[in-house]
$ cat model.txt   # compact mmCIF, C-alpha atoms and all ligand atoms
# COMPACT_ATOMS: atom_id res chain seq x y z
CA MET V 1130 122.25 112.33 109.29
CA SER V 1131 118.98 114.00 108.33
CA TYR V 1132 116.45 112.99 105.67
CA ASP V 1133 117.40 113.99 102.10
CA PRO V 1134 114.24 114.34 99.95
CA ASN V 1135 116.29 113.74 96.78
CA ASN V 1136 116.65 110.02 97.49
CA ILE V 1137 115.23 107.78 94.74
CA PHE V 1138 112.16 106.74 96.74
CA GLY V 1139 111.41 110.40 97.51
CA LYS V 1140 111.41 110.94 93.73
CA ILE V 1141 109.04 107.98 93.22
CA LEU V 1142 106.73 109.35 95.95
CA ARG V 1143 106.62 112.73 94.18
CA GLY V 1144 105.91 111.04 90.83
CA GLU V 1145 109.20 112.26 89.37
CA ILE V 1146 110.30 108.76 88.37
CA PRO V 1147 108.13 105.72 87.61
CA CYS V 1148 107.63 102.54 89.58
CA HIS V 1149 105.67 99.30 89.24
CA LYS V 1150 103.01 100.33 91.74
CA VAL V 1151 100.93 97.77 93.61
CA TYR V 1152 99.06 99.92 96.12
CA GLU V 1153 98.82 103.51 97.35
CA ASP V 1154 96.82 105.35 100.00
CA ALA V 1155 97.22 108.65 101.86
CA ASP V 1156 99.97 107.28 104.09
CA ALA V 1157 101.81 104.59 102.14
CA ILE V 1158 102.89 103.17 98.80
CA VAL V 1159 103.82 99.64 97.73
CA PHE V 1160 105.84 98.91 94.59
CA MET V 1161 108.02 96.18 93.14
CA ASP V 1162 111.75 96.14 93.89
CA VAL V 1163 113.52 96.56 90.53
CA MET V 1164 116.35 94.26 91.66
CA PRO V 1165 114.33 91.48 93.29
CA GLN V 1166 116.05 89.00 95.57
CA SER V 1167 113.25 86.56 94.75
CA PRO V 1168 110.35 86.84 92.23
CA GLY V 1169 107.65 89.11 93.66
CA HIS V 1170 109.98 91.07 95.98
CA ALA V 1171 108.01 94.21 96.95
CA LEU V 1172 108.74 97.32 99.01
CA VAL V 1173 106.33 98.93 101.48
CA LEU V 1174 106.99 102.60 102.28
CA PRO V 1175 105.32 105.11 104.54
CA LYS V 1176 105.03 108.46 102.73
CA ALA V 1177 106.18 110.35 105.84
CA PRO V 1178 109.85 111.26 105.51
CA SER V 1179 112.38 109.40 107.60
CA ARG V 1180 115.74 107.91 106.64
CA ASN V 1181 114.93 104.58 108.22
CA LEU V 1182 113.50 102.95 111.35
CA LEU V 1183 115.87 104.83 113.64
CA ASP V 1184 114.38 108.30 113.02
CA ALA V 1185 110.79 107.23 112.22
CA ASP V 1186 107.79 108.53 114.13
CA PRO V 1187 106.34 105.62 116.15
CA ALA V 1188 102.87 106.67 114.95
CA VAL V 1189 104.03 106.11 111.37
CA LEU V 1190 105.41 102.69 112.30
CA ALA V 1191 102.12 101.77 113.99
CA LYS V 1192 100.29 102.44 110.69
CA ILE V 1193 102.78 100.82 108.32
CA ILE V 1194 103.23 97.44 110.01
CA PRO V 1195 99.62 96.31 109.39
CA LEU V 1196 100.18 97.11 105.69
CA VAL V 1197 103.46 95.16 105.70
CA GLN V 1198 101.47 92.23 107.11
CA LYS V 1199 98.75 92.55 104.43
CA VAL V 1200 101.33 92.65 101.64
CA ALA V 1201 103.16 89.65 103.13
CA VAL V 1202 99.96 87.59 103.29
CA ALA V 1203 99.02 88.62 99.73
CA ALA V 1204 102.54 87.88 98.43
CA LYS V 1205 102.49 84.37 99.90
CA THR V 1206 99.32 83.66 97.91
CA ALA V 1207 100.22 85.60 94.76
CA PHE V 1208 103.60 83.92 94.33
CA ALA V 1209 102.75 80.54 95.87
CA ALA V 1210 105.58 81.08 98.38
CA ASP V 1211 106.50 78.67 101.17
CA GLY V 1212 107.41 81.61 103.40
CA ILE V 1213 108.02 85.36 103.44
CA SER V 1214 111.07 87.26 104.65
CA ILE V 1215 110.63 90.83 105.89
CA ALA V 1216 113.82 92.91 105.79
CA GLN V 1217 114.56 96.48 106.82
CA PHE V 1218 118.06 97.95 106.83
CA ASN V 1219 119.37 100.98 108.71
CA GLU V 1220 122.30 103.12 107.52
CA PRO V 1221 125.07 101.93 105.18
CA ALA V 1222 126.68 99.77 107.86
CA GLY V 1223 123.30 98.09 108.32
CA GLY V 1224 123.02 97.33 104.59
CA GLN V 1225 120.76 100.26 103.63
CA THR V 1226 121.21 101.72 100.14
CA VAL V 1227 118.15 104.01 99.75
CA PHE V 1228 117.51 106.46 102.57
CA HIS V 1229 113.72 106.62 102.84
CA LEU V 1230 112.22 104.09 105.28
CA HIS V 1231 111.02 100.92 103.54
CA PHE V 1232 110.24 97.31 104.37
CA HIS V 1233 111.19 94.50 101.99
CA VAL V 1234 108.56 91.76 101.50
CA ILE V 1235 110.33 88.81 99.90
CA PRO V 1236 108.66 85.52 98.86
CA ARG V 1237 110.74 82.49 99.91
CA TYR V 1238 110.84 78.89 98.73
CA GLU V 1239 112.10 75.81 100.57
CA GLY V 1240 115.79 75.25 99.88
CA GLN V 1241 116.18 78.37 97.69
CA PRO V 1242 118.70 80.99 98.83
CA LEU V 1243 118.04 84.68 98.22
CA LYS V 1244 119.71 86.44 95.30
CA THR V 1245 122.18 89.19 96.22
CA HIS V 1246 120.71 92.42 97.59
CA ALA V 1247 120.26 95.26 95.02
CA ARG V 1248 122.36 93.56 92.33
CA ASN V 1249 120.46 92.38 89.20
CA MET V 1250 117.81 94.48 87.44
CA GLU V 1251 114.65 92.55 86.48
CA GLU V 1252 112.92 93.03 83.09
CA GLY V 1253 110.11 95.62 83.10
CA PRO V 1254 107.42 93.23 81.80
CA VAL V 1255 108.24 90.70 84.57
CA LEU V 1256 107.96 93.43 87.23
CA ALA V 1257 104.69 94.65 85.69
CA ALA V 1258 103.22 91.13 85.68
CA ASN V 1259 104.28 90.56 89.31
CA ALA V 1260 102.78 93.92 90.34
CA GLU V 1261 99.47 92.82 88.79
CA LYS V 1262 99.58 89.46 90.60
CA LEU V 1263 100.25 91.12 93.95
CA LYS V 1264 97.58 93.76 93.31
CA ALA V 1265 95.03 91.04 92.58
CA ALA V 1266 95.91 89.11 95.75
CA LEU V 1267 95.65 92.31 97.79
CA GLY V 1268 92.29 93.09 96.27
CA ALA V 1269 93.78 96.49 95.40
P1 LIG V 1301 117.88 99.02 100.98
O1 LIG V 1301 119.24 98.53 100.67
O2 LIG V 1301 117.17 98.35 102.09
O3 LIG V 1301 117.92 100.52 101.11
O4 LIG V 1301 117.00 98.64 99.73
C1 LIG V 1301 116.81 99.43 98.62
C2 LIG V 1301 116.12 98.56 97.62
O5 LIG V 1301 115.59 99.39 96.62
C3 LIG V 1301 117.02 97.53 96.93
O6 LIG V 1301 116.49 96.24 97.12
C4 LIG V 1301 116.99 97.95 95.46
O7 LIG V 1301 116.96 96.84 94.61
C5 LIG V 1301 115.71 98.76 95.37
N1 LIG V 1301 115.65 99.82 94.40
C6 LIG V 1301 116.63 100.70 94.07
N2 LIG V 1301 116.15 101.59 93.17
C7 LIG V 1301 114.86 101.27 92.95
C8 LIG V 1301 113.83 101.80 92.12
N3 LIG V 1301 114.04 102.86 91.34
N4 LIG V 1301 112.61 101.21 92.13
C9 LIG V 1301 112.39 100.12 92.91
N5 LIG V 1301 113.32 99.57 93.71
C10 LIG V 1301 114.53 100.14 93.73
$ encode --input "model.txt" --output "structure tokens"
Amino acid sequence: MSYDPNNIFGKILRGEIPCHKVYEDADAIVFMDVMPQSPGHALVLPKAPSRNLLDADPAVLAKIIPLVQKVAVAAKTAFAADGISIAQFNEPAGGQTVFHLHFHVIPRYEGQPLKTHARNMEEGPVLAANAEKLKAALGA
């Protein structure tokens, strides 16, 4: 399968549909997941097109992982989390639903299970407030 630029994250990257943006630079964007599995669930995307990890340029991966780390550290502070889960799914059988490479950064709390993946839409004002919290913790 090759990269299809009409995926929903491709549209966000081109500014064709909105997102609750936390951070952007020449190579990457970070925004809130609209169906968070835990409050503060964010997505970190390289701008370079690839479906997922399997077809990504290693040079792109080398640049994106330090940003995933920064967002994870900031999210732990911003949302007073006990831990952070990083998730990344590849192809439908691997649980992937949007086919532009992204890393999930998910705040975790002792004894609290995750909500179901990509199931319940969060209210816009909640996502906006969480984006601001994460932005502040990132110093972005
Ligand atoms: P994956 O299954 O790893 O491809 O994850 C895709 C994620 O994107 C899911 O967690 C969805 O909740 C999330 N998602 C889908 N559409 C949007 C959107 N328009 N803006 C932000 N997050 C989205």
$ closest_residue --input "model.txt" --among "V:Met1130, V:Leu1196, V:Val1173, V:Ala1209" --to "ligand LIG 1301 (chain V)" --atoms "only C-alpha atoms and all ligand atoms"
V:Val1173
$ closest_residue --input "model.txt" --among "V:Lys1205, V:Arg1237, V:Lys1199, V:His1246" --to "ligand LIG 1301 (chain V)" --atoms "only C-alpha atoms and all ligand atoms"
V:His1246
$ residues_around --input "model.txt" --residues "range 1136-1145 of chain V" --least-positions-apart "2" --cutoff "7 Å" --atoms "all atoms listed in the file" --output "list in words"
Asp1133, Pro1134, Pro1147, Cys1148, Val1227, Phe1228 and His1229 of chain V
$ closest_residue --input "model.txt" --among "V:Pro1221, V:Gly1268, V:Gly1240, V:Pro1175" --to "ligand LIG 1301 (chain V)" --atoms "all atoms listed in the file"
V:Pro1221
$ residues_near_ligand --input "model.txt" --ligand "ligand LIG 1301 (chain V)" --cutoff "9 Å" --atoms "only C-alpha atoms and all ligand atoms" --output "PyMOL selection string"
chain V and resi 1137-1138+1140-1141+1146-1149+1160-1166+1170-1172+1181+1216-1221+1223-1233+1246-1250
$ residues_around --input "model.txt" --residues "Ala1203 in chain V" --least-positions-apart "3" --cutoff "8 Å" --atoms "all atoms listed in the file" --output "PyMOL selection string"
chain V and resi 1199-1200+1206-1207+1263+1266-1267
$ write_last_selection --input "model.txt" --atoms "C-alpha atoms" --output "CSV table (one decimal), keeping the file's coordinate frame"
chain,number,residue,atom,x,y,z
V,1199,LYS,CA,98.8,92.6,104.4
V,1200,VAL,CA,101.3,92.6,101.6
V,1206,THR,CA,99.3,83.7,97.9
V,1207,ALA,CA,100.2,85.6,94.8
V,1263,LEU,CA,100.2,91.1,94.0
V,1266,ALA,CA,95.9,89.1,95.8
V,1267,LEU,CA,95.6,92.3,97.8
$ axis_aligned_box --input "model.txt" --around "range 1197-1203 of chain V" --padding-each-side "3 Å" --output "JSON"
{"center_x": 101.1, "center_y": 91.4, "center_z": 103.4, "size_x": 10.7, "size_y": 13.6, "size_z": 13.4}
$ decode --input "model.txt" --residues "range 1168-1184 of chain V" --atoms "all heavy atoms" --output "compact mmCIF listing (two decimals), in the first residue's frame"
# COMPACT_ATOMS: atom_id res chain seq x y z
N PRO V 1168 -7.48 11.83 29.35
CA PRO V 1168 -7.40 13.28 29.17
C PRO V 1168 -5.96 13.70 28.82
O PRO V 1168 -5.01 13.26 29.47
CB PRO V 1168 -7.82 13.83 30.53
CG PRO V 1168 -8.63 12.74 31.15
CD PRO V 1168 -8.02 11.46 30.67
N GLY V 1169 -5.83 14.55 27.79
CA GLY V 1169 -4.52 15.03 27.39
C GLY V 1169 -3.85 14.19 26.31
O GLY V 1169 -2.72 14.49 25.92
N HIS V 1170 -4.54 13.19 25.81
CA HIS V 1170 -4.01 12.32 24.73
C HIS V 1170 -3.67 13.19 23.52
O HIS V 1170 -4.53 13.86 22.96
CB HIS V 1170 -5.10 11.30 24.40
CG HIS V 1170 -4.78 10.32 23.32
ND1 HIS V 1170 -5.57 9.21 23.11
CD2 HIS V 1170 -3.80 10.25 22.40
CE1 HIS V 1170 -5.09 8.50 22.10
NE2 HIS V 1170 -4.01 9.12 21.64
N ALA V 1171 -2.38 13.17 23.13
CA ALA V 1171 -1.91 13.99 22.01
C ALA V 1171 -1.29 13.10 20.94
O ALA V 1171 -0.92 11.94 21.19
CB ALA V 1171 -0.89 15.00 22.49
N LEU V 1172 -1.18 13.65 19.73
CA LEU V 1172 -0.59 12.94 18.60
C LEU V 1172 0.60 13.74 18.07
O LEU V 1172 0.50 14.96 17.93
CB LEU V 1172 -1.63 12.77 17.48
CG LEU V 1172 -2.88 11.99 17.89
CD1 LEU V 1172 -3.94 12.08 16.77
CD2 LEU V 1172 -2.56 10.53 18.17
N VAL V 1173 1.69 13.05 17.81
CA VAL V 1173 2.91 13.68 17.28
C VAL V 1173 3.14 13.12 15.87
O VAL V 1173 3.25 11.89 15.71
CB VAL V 1173 4.12 13.36 18.18
CG1 VAL V 1173 5.38 14.00 17.63
CG2 VAL V 1173 3.86 13.82 19.62
N LEU V 1174 3.18 14.01 14.88
CA LEU V 1174 3.30 13.57 13.49
C LEU V 1174 4.50 14.22 12.81
O LEU V 1174 4.63 15.45 12.87
CB LEU V 1174 2.10 14.03 12.66
CG LEU V 1174 0.75 13.38 12.75
CD1 LEU V 1174 0.09 13.64 14.09
CD2 LEU V 1174 -0.14 13.90 11.64
N PRO V 1175 5.29 13.44 12.09
CA PRO V 1175 6.22 14.07 11.16
C PRO V 1175 5.41 14.58 9.97
O PRO V 1175 4.39 13.97 9.61
CB PRO V 1175 7.16 12.94 10.74
CG PRO V 1175 6.44 11.68 11.04
CD PRO V 1175 5.37 11.97 12.05
N LYS V 1176 5.83 15.68 9.36
CA LYS V 1176 5.11 16.18 8.18
C LYS V 1176 5.41 15.32 6.95
O LYS V 1176 4.58 15.22 6.04
CB LYS V 1176 5.49 17.63 7.91
CG LYS V 1176 4.93 18.57 8.97
CD LYS V 1176 5.23 20.01 8.65
CE LYS V 1176 4.54 20.91 9.67
NZ LYS V 1176 4.83 22.33 9.45
N ALA V 1177 6.58 14.72 6.91
CA ALA V 1177 6.96 13.89 5.75
C ALA V 1177 5.94 12.76 5.57
O ALA V 1177 5.52 12.14 6.55
CB ALA V 1177 8.34 13.30 5.98
N PRO V 1178 5.52 12.53 4.33
CA PRO V 1178 4.50 11.50 4.11
C PRO V 1178 5.03 10.08 4.25
O PRO V 1178 6.02 9.71 3.61
CB PRO V 1178 4.06 11.76 2.66
CG PRO V 1178 5.21 12.47 2.02
CD PRO V 1178 5.92 13.22 3.10
N SER V 1179 4.37 9.32 5.15
CA SER V 1179 4.54 7.87 5.14
C SER V 1179 3.27 7.31 5.78
O SER V 1179 2.63 7.99 6.58
CB SER V 1179 5.79 7.40 5.89
OG SER V 1179 5.64 7.50 7.29
N ARG V 1180 2.89 6.11 5.40
CA ARG V 1180 1.66 5.52 5.97
C ARG V 1180 1.83 5.27 7.46
O ARG V 1180 0.92 5.47 8.25
CB ARG V 1180 1.38 4.16 5.31
CG ARG V 1180 0.63 4.25 3.99
CD ARG V 1180 0.50 2.88 3.36
NE ARG V 1180 -0.39 1.96 4.06
CZ ARG V 1180 -1.72 1.99 3.96
NH1 ARG V 1180 -2.32 2.90 3.21
NH2 ARG V 1180 -2.46 1.09 4.59
N ASN V 1181 3.03 4.81 7.82
CA ASN V 1181 3.27 4.40 9.21
C ASN V 1181 4.77 4.17 9.39
O ASN V 1181 5.57 4.60 8.55
CB ASN V 1181 2.41 3.18 9.57
CG ASN V 1181 2.56 2.05 8.57
OD1 ASN V 1181 3.67 1.73 8.16
ND2 ASN V 1181 1.43 1.47 8.16
N LEU V 1182 5.12 3.49 10.45
CA LEU V 1182 6.54 3.23 10.75
C LEU V 1182 7.22 2.37 9.66
O LEU V 1182 8.41 2.51 9.39
CB LEU V 1182 6.63 2.50 12.10
CG LEU V 1182 8.02 2.32 12.69
CD1 LEU V 1182 8.47 3.59 13.39
CD2 LEU V 1182 8.03 1.16 13.69
N LEU V 1183 6.43 1.51 9.06
CA LEU V 1183 7.00 0.49 8.16
C LEU V 1183 7.61 1.09 6.90
O LEU V 1183 8.58 0.55 6.36
CB LEU V 1183 5.94 -0.55 7.80
CG LEU V 1183 5.26 -1.23 8.99
CD1 LEU V 1183 4.19 -2.20 8.52
CD2 LEU V 1183 6.29 -1.95 9.86
N ASP V 1184 7.03 2.21 6.41
CA ASP V 1184 7.56 2.82 5.19
C ASP V 1184 8.22 4.17 5.47
O ASP V 1184 8.50 4.94 4.55
CB ASP V 1184 6.45 2.98 4.13
CG ASP V 1184 5.31 3.87 4.59
OD1 ASP V 1184 5.11 4.01 5.82
OD2 ASP V 1184 4.61 4.43 3.73
